Amino acid sequence: MKHLKLILPLLFPAALTQAQQITNATYLDRFDGLFAEIKVNNRKVLLHRSGLVTIDKIENQGYFHTVVGIKNNACGAINYSGKIIAPFTFDEVKLADEDDEYEPSNNYCFVITKLNGKYGAIDTLGNVICKNEYQLIEPLNARLLKIQRNGRWGWVELATGKVLQEPAYTAVSKSYVSPYVEIENNGKKGLAKESGEVVATPEYTAFHYPGIENSPQFGYEINGKIGLMDLSGKRLTPAEYTKIQRGPITGTFTMTLPGKTVIIDAAGKVMTAPPFTSASSFGSFMVVKQQQKFGAINQAGKMVVPIAYDDIEVYTGKGEPQTPSASLQKRWVAPEPAYFLAKKGTLTELFDSTGKKLLTGNYARLRVFGSKQGAFIITQDAKGNSALLRTDGTVIIPSGFEMVVDGYSNSYLYSDGSAGAKQSEYVAIAANKQMGLYHLPENKMVLPVKYTRIEWQNEHLLNVREGEDAYAMVDVNNKIVKPLQQYGFYTAVAPDRVIETKYQKDGRVTTMTDLEGTVLYTRKNWDFKQNSFSRLLLPPGKEPDHILFTDGLLKLWGIPEENLFLNKKGEEVKFKEYDFVSDFYNGLAVAGKMDADRNGTYGIINLKGEIIYPITAADMKQFDSSLILVKSDTLEGLLKKDGSVFLPLKYKRVARMNDLPYFKVTSNKGEGVLDSTGKEVIAPAYQEVYYYKDNKIFRVISEDGKYGLITLDGKVLLPAVYDELTRNYGHSSGAFPIFVKKDNRYFYIDEQGKELPYTAAKSKGYND
């Protein structure tokens, strides 16, 4: 990162503040990125965002807003602040820059100039790095640029311009295996420090990345053979291998010879004997091969799976299959293996990462199955019979199943959203388009495999379906709570209360019973629907899957009366002072009164019927997950879900601003903005407030149609005094310079609120 500190001042120099005379242009246009087209003295030119320079044409624009352009048929360059760093006198200017999002210390930016056939270089402050005296100049890395003279290459320090290596090589390039410069003479490669000190003389065919980021060892190649070298240039092994890869851990390497692979340590010492035929890395483990047999070793070189198998598959702890990972880098960390599935003929064995054998058997097919409850084993014999096992070999189902179900699949439906804390203890088991339920802690099936749907109602009760339209309710021990019936359905509205709907010849009958079947309440033609309940006062994120008793009461929806509840005894409860009462949550409910024309007013009451918020609102509805929109005939406000006032009922309109935790409010005087606490950011006094998402500012229009800009914290960037206002539309360029019109004059304003030194009586038109 120390190099980045040197580069940053070059990329973002301080803005120039010289005073300039105002230039009258024929027309101005809005900024699109770093430039705006203007017409001056009957010439179309491009004005830089600084207002300090115009050019005729953009040749290139870099990552850090440095621009190469043409002016008066000559090339030059401008930095972000508008300083001309390369005067417009060159035959050619090329931009050299890099923006590495993963490693900012690799960033650089400078320009390469050409004059009379000779090349030089200039940094983003305008400092000359190299005079125009070289055959070629090119970037080398974040700290160096390479120079060519008389067909030979050397390099220069980017920050100071100091020549660190006089041109002496036929080629120099960035090394991708070491922190050095790769040098070349007569087709042979070597390595040198950035200071110019040679580490490895040019006698090598190539250098090889070993698969370990920032490794102090790497591969070297001579005549098609590879060896191991360290950063001092010392050869740690002879050049006798055909391939180098990382070993199980940093500092070990797999080296391949024709027909065999060995693992060596950082000193070049062979760690394994006899050698392997091949090796593949999986996290900090390796699957190795000797002759035609496979095994696995851990990071200590210990054999966790003996070399005796025809094939080995590797899985994570979640049951996900793994593929080899050739490199070991900080940015892409390979998962660690948890299971090795080893096959030998018809024999399949499962090992964990310690080498413990978990499972042995002769199977026609065996696979590891991953689910949200963990990994399982599915086996299949020669006759096609399947069994479900734990990874330790414990048999869950000896035969007659197909898969573990996680939610939706083509033929089954399993819903465990209401299972509560016990959700992870159960898995659904499927076979022949039917399901059962298995309890993991007790190692037993609690529901047989015969259902087409299983839906948890609470931690104890489940709805089950057989076929297409027959339903029953059972508990977690498979005790029948409600018998199988066609066309009817059951809903557990409490741990010990069930709503049952039956369809009879004379109509529908809905009852509430306890778990023993005692009928506590009956009502004909009650159009009960389990998803019918008021969500207005529900706390954020607490919405149940179906209607439940809350605060000891169950609201009866789907009946003519709008204000009827049941208590758990099955007794009707009605709040006589009100015509409508919603479901209760946290002791509160929305209550309403109707006039003779059935027009309602609404408020909030508690379980005693006491008023928490006055029964005065013409409407109350969901605003977001935590707030309620309250309306009178003409005004709006916001309530919290506890009935307290968040915004008083005084605005003509309240709306959430997209992508912002802010509110746009409208009063009789106009639009304004409040923050997430309800504090006023922009007073509601504007004809319009519009949010520029990309620039994170508000554009406002005053009552008399004038434009301005205001920040997210309410600071006025530009007062609303402009007849027209257009922001900079360039990608990632910010809103400024702003193009404005005032007093029949067009001009630009920068982020400091200063005018750029150009003005015009008109803006660019369609035909200009």
# chains A, B, ... in the order shown; residues from 1 in each chain; ligands from 1

$ residues_around --residues "Lys234 in chain A" --least-positions-apart "5" --cutoff "10 Å" --atoms "only C-alpha atoms" --output "list in words"
Val199, Ala200, Gln217, Leu228 and Met229 of chain A

$ closest_residue --among "A:Asp469, A:Asp123, A:Asp675, A:Asp595" --to "Tyr108 in chain A" --atoms "only C-alpha atoms"
A:Asp123

$ closest_residue --among "A:Phe351, A:Tyr315, A:Phe646, A:Tyr241" --to "Ala375 in chain A" --atoms "only C-alpha atoms"
A:Tyr315

$ atom_distance --atom1 "CA of Met445 in chain A" --atom2 "CA of Lys482 in chain A"
20.0 Å

$ atom_distance --atom1 "CA of Val68 in chain A" --atom2 "CA of Val111 in chain A"
8.2 Å

$ residues_around --residues "Ser702 in chain A" --least-positions-apart "4" --cutoff "10 Å" --atoms "only C-alpha atoms" --output "PyMOL selection string"
chain A and resi 670-671+685-689+706-708+719-722

$ decode --residues "range 459-509 of chain A" --atoms "N, CA and C atoms" --output "short mmCIF file (atom, residue, chain, number, x, y, z; two decimals), in the first residue's frame"
data_model
loop_
_atom_site.label_atom_id
_atom_site.label_comp_id
_atom_site.auth_asym_id
_atom_site.auth_seq_id
_atom_site.Cartn_x
_atom_site.Cartn_y
_atom_site.Cartn_z
N GLU A 459 -45.63 -26.01 16.45
CA GLU A 459 -44.56 -26.93 16.82
C GLU A 459 -45.05 -28.35 17.10
N HIS A 460 -46.36 -28.54 17.20
CA HIS A 460 -46.90 -29.86 17.57
C HIS A 460 -47.83 -30.46 16.53
N LEU A 461 -48.50 -29.62 15.76
CA LEU A 461 -49.56 -30.11 14.86
C LEU A 461 -49.18 -29.90 13.41
N LEU A 462 -49.62 -30.87 12.56
CA LEU A 462 -49.34 -30.80 11.14
C LEU A 462 -50.60 -31.14 10.35
N ASN A 463 -50.82 -30.44 9.26
CA ASN A 463 -51.83 -30.82 8.29
C ASN A 463 -51.19 -31.75 7.27
N VAL A 464 -51.87 -32.82 6.94
CA VAL A 464 -51.35 -33.76 5.95
C VAL A 464 -52.43 -33.98 4.89
N ARG A 465 -51.97 -34.28 3.68
CA ARG A 465 -52.90 -34.54 2.59
C ARG A 465 -52.60 -35.89 1.99
N GLU A 466 -53.64 -36.63 1.69
CA GLU A 466 -53.50 -37.88 0.95
C GLU A 466 -54.20 -37.71 -0.39
N GLY A 467 -53.52 -38.09 -1.44
CA GLY A 467 -54.09 -37.90 -2.77
C GLY A 467 -54.22 -36.43 -3.10
N GLU A 468 -55.28 -36.10 -3.81
CA GLU A 468 -55.46 -34.73 -4.27
C GLU A 468 -56.28 -33.87 -3.33
N ASP A 469 -57.24 -34.48 -2.56
CA ASP A 469 -58.18 -33.63 -1.84
C ASP A 469 -58.63 -34.18 -0.50
N ALA A 470 -57.88 -35.09 0.09
CA ALA A 470 -58.24 -35.63 1.40
C ALA A 470 -57.26 -35.11 2.45
N TYR A 471 -57.78 -34.50 3.50
CA TYR A 471 -56.93 -33.86 4.51
C TYR A 471 -57.16 -34.47 5.89
N ALA A 472 -56.09 -34.45 6.68
CA ALA A 472 -56.18 -34.84 8.09
C ALA A 472 -55.24 -33.95 8.88
N MET A 473 -55.40 -33.99 10.24
CA MET A 473 -54.46 -33.29 11.10
C MET A 473 -53.89 -34.31 12.08
N VAL A 474 -52.55 -34.29 12.24
CA VAL A 474 -51.87 -35.21 13.14
C VAL A 474 -50.92 -34.41 14.01
N ASP A 475 -50.50 -35.03 15.12
CA ASP A 475 -49.45 -34.38 15.92
C ASP A 475 -48.10 -34.98 15.55
N VAL A 476 -47.03 -34.52 16.18
CA VAL A 476 -45.69 -34.95 15.80
C VAL A 476 -45.42 -36.40 16.15
N ASN A 477 -46.31 -37.03 16.89
CA ASN A 477 -46.17 -38.46 17.21
C ASN A 477 -47.12 -39.32 16.36
N ASN A 478 -47.67 -38.72 15.28
CA ASN A 478 -48.55 -39.41 14.34
C ASN A 478 -49.90 -39.77 14.96
N LYS A 479 -50.24 -39.11 16.06
CA LYS A 479 -51.57 -39.31 16.62
C LYS A 479 -52.58 -38.52 15.79
N ILE A 480 -53.67 -39.16 15.41
CA ILE A 480 -54.69 -38.49 14.61
C ILE A 480 -55.44 -37.49 15.49
N VAL A 481 -55.34 -36.24 15.15
CA VAL A 481 -56.07 -35.19 15.86
C VAL A 481 -57.39 -34.91 15.16
N LYS A 482 -57.36 -34.88 13.84
CA LYS A 482 -58.57 -34.73 13.03
C LYS A 482 -58.51 -35.77 11.92
N PRO A 483 -59.57 -36.54 11.75
CA PRO A 483 -59.54 -37.65 10.79
C PRO A 483 -59.52 -37.16 9.35
N LEU A 484 -59.15 -38.07 8.48
CA LEU A 484 -59.10 -37.78 7.05
C LEU A 484 -60.50 -37.43 6.54
N GLN A 485 -60.61 -36.34 5.80
CA GLN A 485 -61.87 -35.98 5.19
C GLN A 485 -61.61 -35.37 3.82
N GLN A 486 -62.55 -35.55 2.91
CA GLN A 486 -62.43 -34.96 1.59
C GLN A 486 -63.11 -33.60 1.56
N TYR A 487 -62.46 -32.71 0.81
CA TYR A 487 -63.00 -31.38 0.53
C TYR A 487 -63.03 -30.44 1.73
N GLY A 488 -62.86 -30.91 2.92
CA GLY A 488 -62.78 -30.02 4.07
C GLY A 488 -61.32 -29.73 4.40
N PHE A 489 -61.11 -28.92 5.44
CA PHE A 489 -59.73 -28.63 5.84
C PHE A 489 -59.70 -28.23 7.31
N TYR A 490 -58.47 -28.24 7.86
CA TYR A 490 -58.25 -27.93 9.27
C TYR A 490 -57.19 -26.83 9.39
N THR A 491 -57.35 -25.99 10.43
CA THR A 491 -56.34 -24.97 10.74
C THR A 491 -56.16 -24.91 12.25
N ALA A 492 -54.91 -25.07 12.71
CA ALA A 492 -54.62 -24.94 14.14
C ALA A 492 -54.44 -23.46 14.45
N VAL A 493 -55.41 -22.87 15.14
CA VAL A 493 -55.36 -21.45 15.46
C VAL A 493 -54.72 -21.19 16.82
N ALA A 494 -54.39 -22.26 17.54
CA ALA A 494 -53.67 -22.20 18.81
C ALA A 494 -53.11 -23.61 19.03
N PRO A 495 -52.15 -23.79 19.95
CA PRO A 495 -51.64 -25.15 20.20
C PRO A 495 -52.73 -26.15 20.55
N ASP A 496 -53.87 -25.67 21.09
CA ASP A 496 -54.92 -26.59 21.52
C ASP A 496 -56.29 -26.23 20.94
N ARG A 497 -56.31 -25.47 19.85
CA ARG A 497 -57.58 -25.11 19.23
C ARG A 497 -57.46 -25.28 17.70
N VAL A 498 -58.52 -25.92 17.13
CA VAL A 498 -58.52 -26.22 15.70
C VAL A 498 -59.82 -25.73 15.09
N ILE A 499 -59.70 -25.03 13.95
CA ILE A 499 -60.87 -24.67 13.15
C ILE A 499 -61.04 -25.76 12.09
N GLU A 500 -62.25 -26.30 12.00
CA GLU A 500 -62.55 -27.38 11.06
C GLU A 500 -63.70 -26.95 10.16
N THR A 501 -63.48 -27.05 8.85
CA THR A 501 -64.54 -26.74 7.89
C THR A 501 -64.95 -28.02 7.18
N LYS A 502 -66.25 -28.30 7.17
CA LYS A 502 -66.80 -29.45 6.47
C LYS A 502 -67.86 -28.97 5.49
N TYR A 503 -67.92 -29.67 4.37
CA TYR A 503 -68.92 -29.35 3.36
C TYR A 503 -69.99 -30.44 3.38
N GLN A 504 -71.21 -30.03 3.70
CA GLN A 504 -72.34 -30.95 3.78
C GLN A 504 -73.35 -30.61 2.70
N LYS A 505 -74.37 -31.47 2.58
CA LYS A 505 -75.35 -31.27 1.53
C LYS A 505 -76.08 -29.93 1.67
N ASP A 506 -76.29 -29.52 2.92
CA ASP A 506 -77.03 -28.28 3.14
C ASP A 506 -76.12 -27.07 3.33
N GLY A 507 -74.84 -27.23 2.99
CA GLY A 507 -73.93 -26.09 3.07
C GLY A 507 -72.68 -26.37 3.88
N ARG A 508 -71.97 -25.35 4.15
CA ARG A 508 -70.70 -25.45 4.85
C ARG A 508 -70.91 -25.22 6.34
N VAL A 509 -70.21 -26.04 7.16
CA VAL A 509 -70.26 -25.88 8.61
C VAL A 509 -68.83 -25.73 9.11
#
